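Colleague: Please see the structure below; I have some questions.
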Amino acid sequence: MELRSSHWYAGTDRNASIHRAWMRRGVPGSAFEGRPQIAIANTASDLTPCNRHLSEVAQSVRDGVYEAGGIPLEMPVVSLGETNVRPTAMLWRNMAAMATEELLRANPVDGVVLLGGCDKTIPALLMAAASVDLPAVVVPGGPMLTGTFRGQPLGCGTDTWRLSEEVRAGTMSQAAFLDSERAMIRSRGHCNTMGTASTMGLLAEALGTTVPGVAGTPAPDSRLLEAAHTTGMLAVELVETDRRPSTLLTRASFHNAVVALAAIGGSTNAVVHLLAIAGRLGVELTLDDVDAIGSRVPALVDLQPAGRFLMEDLHRAGGFLAVLREVEDLLDPTARTVLGTRLVEHLRGAEVHDREVIRTRSAPLLAEGGIAVLRGNLAPDGAIIKPAAASPHLLRHRGKAVVFESIEDFRARVDDPDLEVDADSVMVLRGCGPKGYPGMPEVANMPLPTKLLEQGVRDVVRICDGRMSGTAYGTVVLHVAPEAAAGGPLARVRTGDWVELDVPGRRLHLDVDDDELAQRAPSPASAAAYAAPRRGWERLYVDHVQQADTGADLDFLVGSSGPEVSRESH
Ligand code: FES
Ligand code: MG
């Protein structure tokens with residue numbers, strides 16, 4: 001087998017000598033004699049608190065790579081902390097993916113171990129690995145342990161939304177709310193709810209890109225380091241057997257990820273990420289597939305935001321493979337894992353130890369747990385909703401639109417006592433799509449007007465071209481495509497229009513006839529919300545980003561680059 005890295009290191013010419021000489025620094029000469037060079041793409045960063053511990057995980061990966069005869073090479077990559085990064089980490093997902101892809105292509109590496117955790121990091125790493133198509137394996141950084149506050153467990157994100165609404169409703173003091181802040185993050189690791197980070201860690205396993213059984217292991221658990229060590233060893237084997245994303249990730253893998261997404265009651269963000277990863281591989285996966293494959297799969301995992309428990313409970317209850325075992329008949333048995341095995345082979349030994357956390361098929365958390373895809377004259381290219389996070393009484397609803405032109409407009413008016421809004425209203429927020437914001441932020445789960453909260457209302461139908469946090473809940477229609485800033489009909493809705501939501505019928509309809517709708521000028525405000533960045537990544541992004549229904553990737557990043565770079569640097 002000829003290693004890719006030998007194109008740098010093998011031979012006696014000047015350039016090979018340069019490549020070796022600068023890399024020696026105490027490394028034995030054998031390092032350049034046919035040993036697989038394994039990059040460890042590490043998203044550890046002090047500014048990505050959920051991933052900060054990954055440098056310790058990387059150390060275990062290194063040990064494993066050495067043990068198997070490879071050379072580990074830690075490679076810091078663009079890291080995105082969901083809670084800090086403005087205007088939204090999603091603006092930078094494609095940048096992180098592109099930078100990682102190019103770094104892998106540019107350097108003498110034969111394979112890569114991907115270390116991610118916080119929301120965008122695993123998707124970006126998988127998009128990169130898919131495009132460069134080098135042997136790759138993920139170690140999900142794992143969730144944090146459960147923090148408690150006043151005797152009750154605290155769910156990251158979910159309880160922040162809930163408690164802040166309690167303050168606005170007047171049922172919790174500001175001081176108590178601030179006190180909860182110190183208890184929220186108990187340990188290293190990512191959010192402990194079934195938010196986007198947990199979801200994508202588990203889906204990396206459903207796709208077959210992790211050592212089976214590792215996903216969901218809490219970040220402080222010693223077993224994570226053991227799995228990282230094993231993964232380092234495996235990375236060397238992947239190179240030796242030439243197991244690459246293009247040979248591993250098939251439509252069957254994505255089928256299984258979509259089934260898993262429903263069974264775990266996972267984040268809506270997973271839909272955009274799965275579509276984008278599939279796009280990098282040329283695997284056919286559409287929004288309609290997500291509905292057809294996943295929407296009728298029961299949600300079995302009773303975790304916040306859809307249910308009660310947290311990730312530590314899921315791990316204790318048997319973990320992700322035990323969940324998959326419950327839906328084994330719905331999985332595609334042909335899909336493979338990085339081990340070369342079939343995913344379903346790993347379900348045999350999986351057992352459920354707590355039926356409160358992992359439900360049975362006969363008594364699921366929700367009979368139809370998957371993401372539903374809606375269409376209609378308001379969303380010709382589709383929109384999504386997570387019924388598991390919605391209020392059952394609102395899944396079929398007709399109400400009058402209350403339109404907000406931007407998140408700023410929303411914040412300025414939501415608590416205006418004269419705002420005409422009631423429990424039947426449909427709150428519409430536009431200008432929050434990929435181009436409009438730009439970056440497609442998590443603002444769709446608009447906080448309710450205080451006057452409704454005071455009346456005891458806890459949910460109304462909301463519609464937006466943006467996303468919502470995977471930890472959020474509510475009857476929220478998301479990812480409306482095309483977005484208002486790209487000329488979608490959402491730009492033509494007016495306050496007072498009747499809107500019909502019919503989730504069982506998969507319909508989102510604006511009760512305005514076609515001619516009138518066509519004649520209406522799009523709201524100038526939503527055109528203005530189409531920010532026109534002058535320079536840099538944002539400029540590139542708004543010019544090239546695609547809509548949510550195909551994964552919001554950049555048009556020129558879809559597909560594969562491959563690992564070959566033939567030109568030398570000197
Ligand atoms: Fe990082 Fe939630 S903020 S995973
Ligand atoms: Mg998030």
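Going through the structure tokens in order, the chains are called A, B, and so on, while each chain numbers its residues from 1 and the ligands are numbered from 1 in the order shown.
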Neighbours of ligand 1 within 9 Å, counting only C-alpha atoms and all ligand atoms, as a PyMOL selection string?
Modeller: chain A and resi 48-51+80-84+117-120+143+156-157+189-193+195-198+469-471
Colleague: Would you save the residues from that selection as an mmCIF file, in the first residue's frame, using N, CA and C atoms?
Modeller:
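The file below, result-v9.cif, is the result:
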data_model
loop_
_atom_site.group_PDB
_atom_site.id
_atom_site.type_symbol
_atom_site.label_atom_id
_atom_site.label_comp_id
_atom_site.auth_asym_id
_atom_site.auth_seq_id
_atom_site.Cartn_x
_atom_site.Cartn_y
_atom_site.Cartn_z
ATOM 1 N N THR A 48 -14.725 27.700 23.146
ATOM 2 C CA THR A 48 -15.766 26.700 22.893
ATOM 3 C C THR A 48 -15.810 25.835 24.141
ATOM 4 N N PRO A 49 -16.426 26.344 25.202
ATOM 5 C CA PRO A 49 -16.319 25.676 26.499
ATOM 6 C C PRO A 49 -16.742 24.211 26.458
ATOM 7 N N CYS A 50 -17.706 23.879 25.609
ATOM 8 C CA CYS A 50 -18.187 22.498 25.541
ATOM 9 C C CYS A 50 -17.118 21.549 25.008
ATOM 10 N N ASN A 51 -16.109 22.088 24.338
ATOM 11 C CA ASN A 51 -15.075 21.245 23.701
ATOM 12 C C ASN A 51 -13.717 21.379 24.377
ATOM 13 N N LEU A 80 -16.198 26.304 17.058
ATOM 14 C CA LEU A 80 -17.361 27.178 17.173
ATOM 15 C C LEU A 80 -18.113 26.897 18.462
ATOM 16 N N GLY A 81 -18.129 27.867 19.345
ATOM 17 C CA GLY A 81 -18.878 27.740 20.595
ATOM 18 C C GLY A 81 -20.266 28.326 20.399
ATOM 19 N N GLU A 82 -21.252 27.469 20.548
ATOM 20 C CA GLU A 82 -22.635 27.840 20.220
ATOM 21 C C GLU A 82 -23.134 29.057 20.996
ATOM 22 N N THR A 83 -22.735 29.164 22.254
ATOM 23 C CA THR A 83 -23.324 30.219 23.076
ATOM 24 C C THR A 83 -22.642 31.573 22.877
ATOM 25 N N ASN A 84 -21.429 31.585 22.399
ATOM 26 C CA ASN A 84 -20.700 32.849 22.295
ATOM 27 C C ASN A 84 -20.700 33.457 20.904
ATOM 28 N N GLY A 117 -17.889 18.304 19.481
ATOM 29 C CA GLY A 117 -18.863 18.213 20.554
ATOM 30 C C GLY A 117 -19.950 19.254 20.359
ATOM 31 N N CYS A 118 -19.622 20.504 20.674
ATOM 32 C CA CYS A 118 -20.606 21.587 20.579
ATOM 33 C C CYS A 118 -21.215 21.613 19.176
ATOM 34 N N ASP A 119 -22.457 22.089 19.127
ATOM 35 C CA ASP A 119 -23.375 21.878 17.996
ATOM 36 C C ASP A 119 -22.786 21.753 16.590
ATOM 37 N N LYS A 120 -22.067 22.796 16.145
ATOM 38 C CA LYS A 120 -21.661 22.823 14.733
ATOM 39 C C LYS A 120 -20.391 22.035 14.488
ATOM 40 N N PRO A 143 -21.561 14.467 26.519
ATOM 41 C CA PRO A 143 -22.327 15.445 27.285
ATOM 42 C C PRO A 143 -21.769 15.646 28.697
ATOM 43 N N CYS A 156 -29.538 21.832 30.220
ATOM 44 C CA CYS A 156 -28.895 22.965 29.533
ATOM 45 C C CYS A 156 -29.795 23.496 28.424
ATOM 46 N N GLY A 157 -29.919 24.781 28.382
ATOM 47 C CA GLY A 157 -30.726 25.388 27.330
ATOM 48 C C GLY A 157 -32.198 25.289 27.671
ATOM 49 N N GLY A 189 -17.867 18.990 29.027
ATOM 50 C CA GLY A 189 -18.807 18.339 28.109
ATOM 51 C C GLY A 189 -19.781 19.317 27.486
ATOM 52 N N HIS A 190 -20.552 18.809 26.550
ATOM 53 C CA HIS A 190 -21.537 19.656 25.860
ATOM 54 C C HIS A 190 -22.900 19.557 26.534
ATOM 55 N N CYS A 191 -23.874 20.294 26.037
ATOM 56 C CA CYS A 191 -25.206 20.364 26.649
ATOM 57 C C CYS A 191 -25.759 18.959 26.892
ATOM 58 N N ASN A 192 -26.402 18.816 28.045
ATOM 59 C CA ASN A 192 -26.840 17.490 28.483
ATOM 60 C C ASN A 192 -28.271 17.159 28.086
ATOM 61 N N THR A 193 -28.926 18.085 27.387
ATOM 62 C CA THR A 193 -30.257 17.816 26.853
ATOM 63 C C THR A 193 -30.100 17.126 25.495
ATOM 64 N N GLY A 195 -30.199 18.241 22.719
ATOM 65 C CA GLY A 195 -30.042 19.374 21.809
ATOM 66 C C GLY A 195 -29.227 18.935 20.606
ATOM 67 N N THR A 196 -28.692 19.912 19.911
ATOM 68 C CA THR A 196 -27.996 19.590 18.667
ATOM 69 C C THR A 196 -26.694 18.836 18.909
ATOM 70 N N ALA A 197 -25.960 19.200 19.959
ATOM 71 C CA ALA A 197 -24.684 18.525 20.204
ATOM 72 C C ALA A 197 -24.913 17.043 20.520
ATOM 73 N N SER A 198 -25.835 16.756 21.437
ATOM 74 C CA SER A 198 -26.138 15.356 21.757
ATOM 75 C C SER A 198 -26.624 14.626 20.514
ATOM 76 N N SER A 469 -32.955 26.519 18.578
ATOM 77 C CA SER A 469 -32.031 25.684 19.320
ATOM 78 C C SER A 469 -32.615 24.289 19.467
ATOM 79 N N GLY A 470 -31.742 23.296 19.384
ATOM 80 C CA GLY A 470 -32.189 21.924 19.588
ATOM 81 C C GLY A 470 -32.702 21.669 20.997
ATOM 82 N N THR A 471 -32.418 22.600 21.904
ATOM 83 C CA THR A 471 -32.879 22.449 23.283
ATOM 84 C C THR A 471 -34.226 23.136 23.498
#
Colleague: Fewer than 6 positions away in the same chain doesn't count, so skip those; otherwise give me all residues within 9 Å of Asp555 of chain A, counting only C-alpha atoms, as an MDAnalysis selection string.
Modeller: chainID A and resid 544:546
Colleague: Segment 296-332 of chain A: which residues are helix (DSSP H, G or I) by DSSP, as JSON, numbers by chain?
Modeller: {"A": [311, 312, 313, 314, 315, 316, 319, 320, 321, 322, 323, 324, 325, 326, 328, 329, 330]}
Colleague: Could you name the residues that touch Leu517 of chain A at 9 Å or less, counting only C-alpha atoms, but leaving out those on the same chain fewer than 6 positions away, as a PyMOL selection string?
Modeller: chain A and resi 489+492-493
Colleague: Counting only C-alpha atoms and all ligand atoms, which residue out of A:Thr475, A:Asp424, A:Ser267, A:Ala124 sits closest to ligand 2?
Modeller: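 Smallest separation from ligand 2 among the options: A:Ser267.
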Colleague: Would you tabulate, counting only C-alpha atoms, all residues of segment 290-319 of chain A that have an atom at most 10 Å from an atom of segment 376-395 of chain A, showing the closest pair of atoms and their distance in Å to one decimal, sorted by chain then ascending number, as a Markdown table?
Modeller:
| residue | atom | partner | partner_atom | distance |
| --- | --- | --- | --- | --- |
| A:Val290 | CA | A:Ile384 | CA | 9.9 |
| A:Asp291 | CA | A:Ile384 | CA | 9.1 |
| A:Ser295 | CA | A:Pro387 | CA | 9.1 |
| A:Pro298 | CA | A:Ala388 | CA | 9.7 |
| A:Ala299 | CA | A:Ala388 | CA | 7.7 |
| A:Gln304 | CA | A:Ala389 | CA | 9.2 |
| A:Pro305 | CA | A:Ala389 | CA | 6.7 |
| A:Ala306 | CA | A:Ala389 | CA | 5.0 |
| A:Gly307 | CA | A:Ala389 | CA | 8.6 |
Colleague: Go ahead and dump the residues you just picked, C-alpha atoms, as a PDB file, in the first residue's frame.
Modeller:
ATOM      1  CA  VAL A 290     -36.465  12.897   6.074  1.00  0.00           C
ATOM      2  CA  ASP A 291     -40.246  12.942   6.469  1.00  0.00           C
ATOM      3  CA  SER A 295     -41.651  11.073  10.715  1.00  0.00           C
ATOM      4  CA  PRO A 298     -41.770   6.576  17.517  1.00  0.00           C
ATOM      5  CA  ALA A 299     -39.747   8.784  19.857  1.00  0.00           C
ATOM      6  CA  GLN A 304     -35.518  17.179  27.485  1.00  0.00           C
ATOM      7  CA  PRO A 305     -36.663  19.174  25.569  1.00  0.00           C
ATOM      8  CA  ALA A 306     -39.336  16.685  24.436  1.00  0.00           C
ATOM      9  CA  GLY A 307     -39.363  14.753  27.716  1.00  0.00           C
TER      10      GLY A 307
END
Colleague: For Ser79 of chain A, list every protein, DNA or RNA residue within 7 Å, evaluated using only C-alpha atoms, and leave out those in the same chain fewer than 2 positions away; present the list as a ChimeraX atom specification.
Modeller: /A:43-45,48,77,81,121
Colleague: For Ala204 of chain A, work out the shell of residues within 9 Å, counting only C-alpha atoms and skipping chain neighbours fewer than 2 positions away, then give it as number ranges by chain.
Modeller: A: 122-123, 126, 138-140, 199-202, 206-210, 215, 257
Colleague: List every residue of segment 208-438 of chain A that DSSP, applied to the backbone, labels as strand (DSSP E), and write the result as a list in words.
Modeller: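 Filtering segment 208-438 of chain A down to strand (DSSP E) leaves Ala372, Val373, Leu374, Arg375, Gly376, Ala379, Pro380, Asp381, Gly382, Ala383, Ile384, Ile385, Arg396, His397, Arg398, Gly399, Lys400, Ala401, Val402, Val403, Phe404, Val426, Met427, Val428 and Leu429 of chain A.
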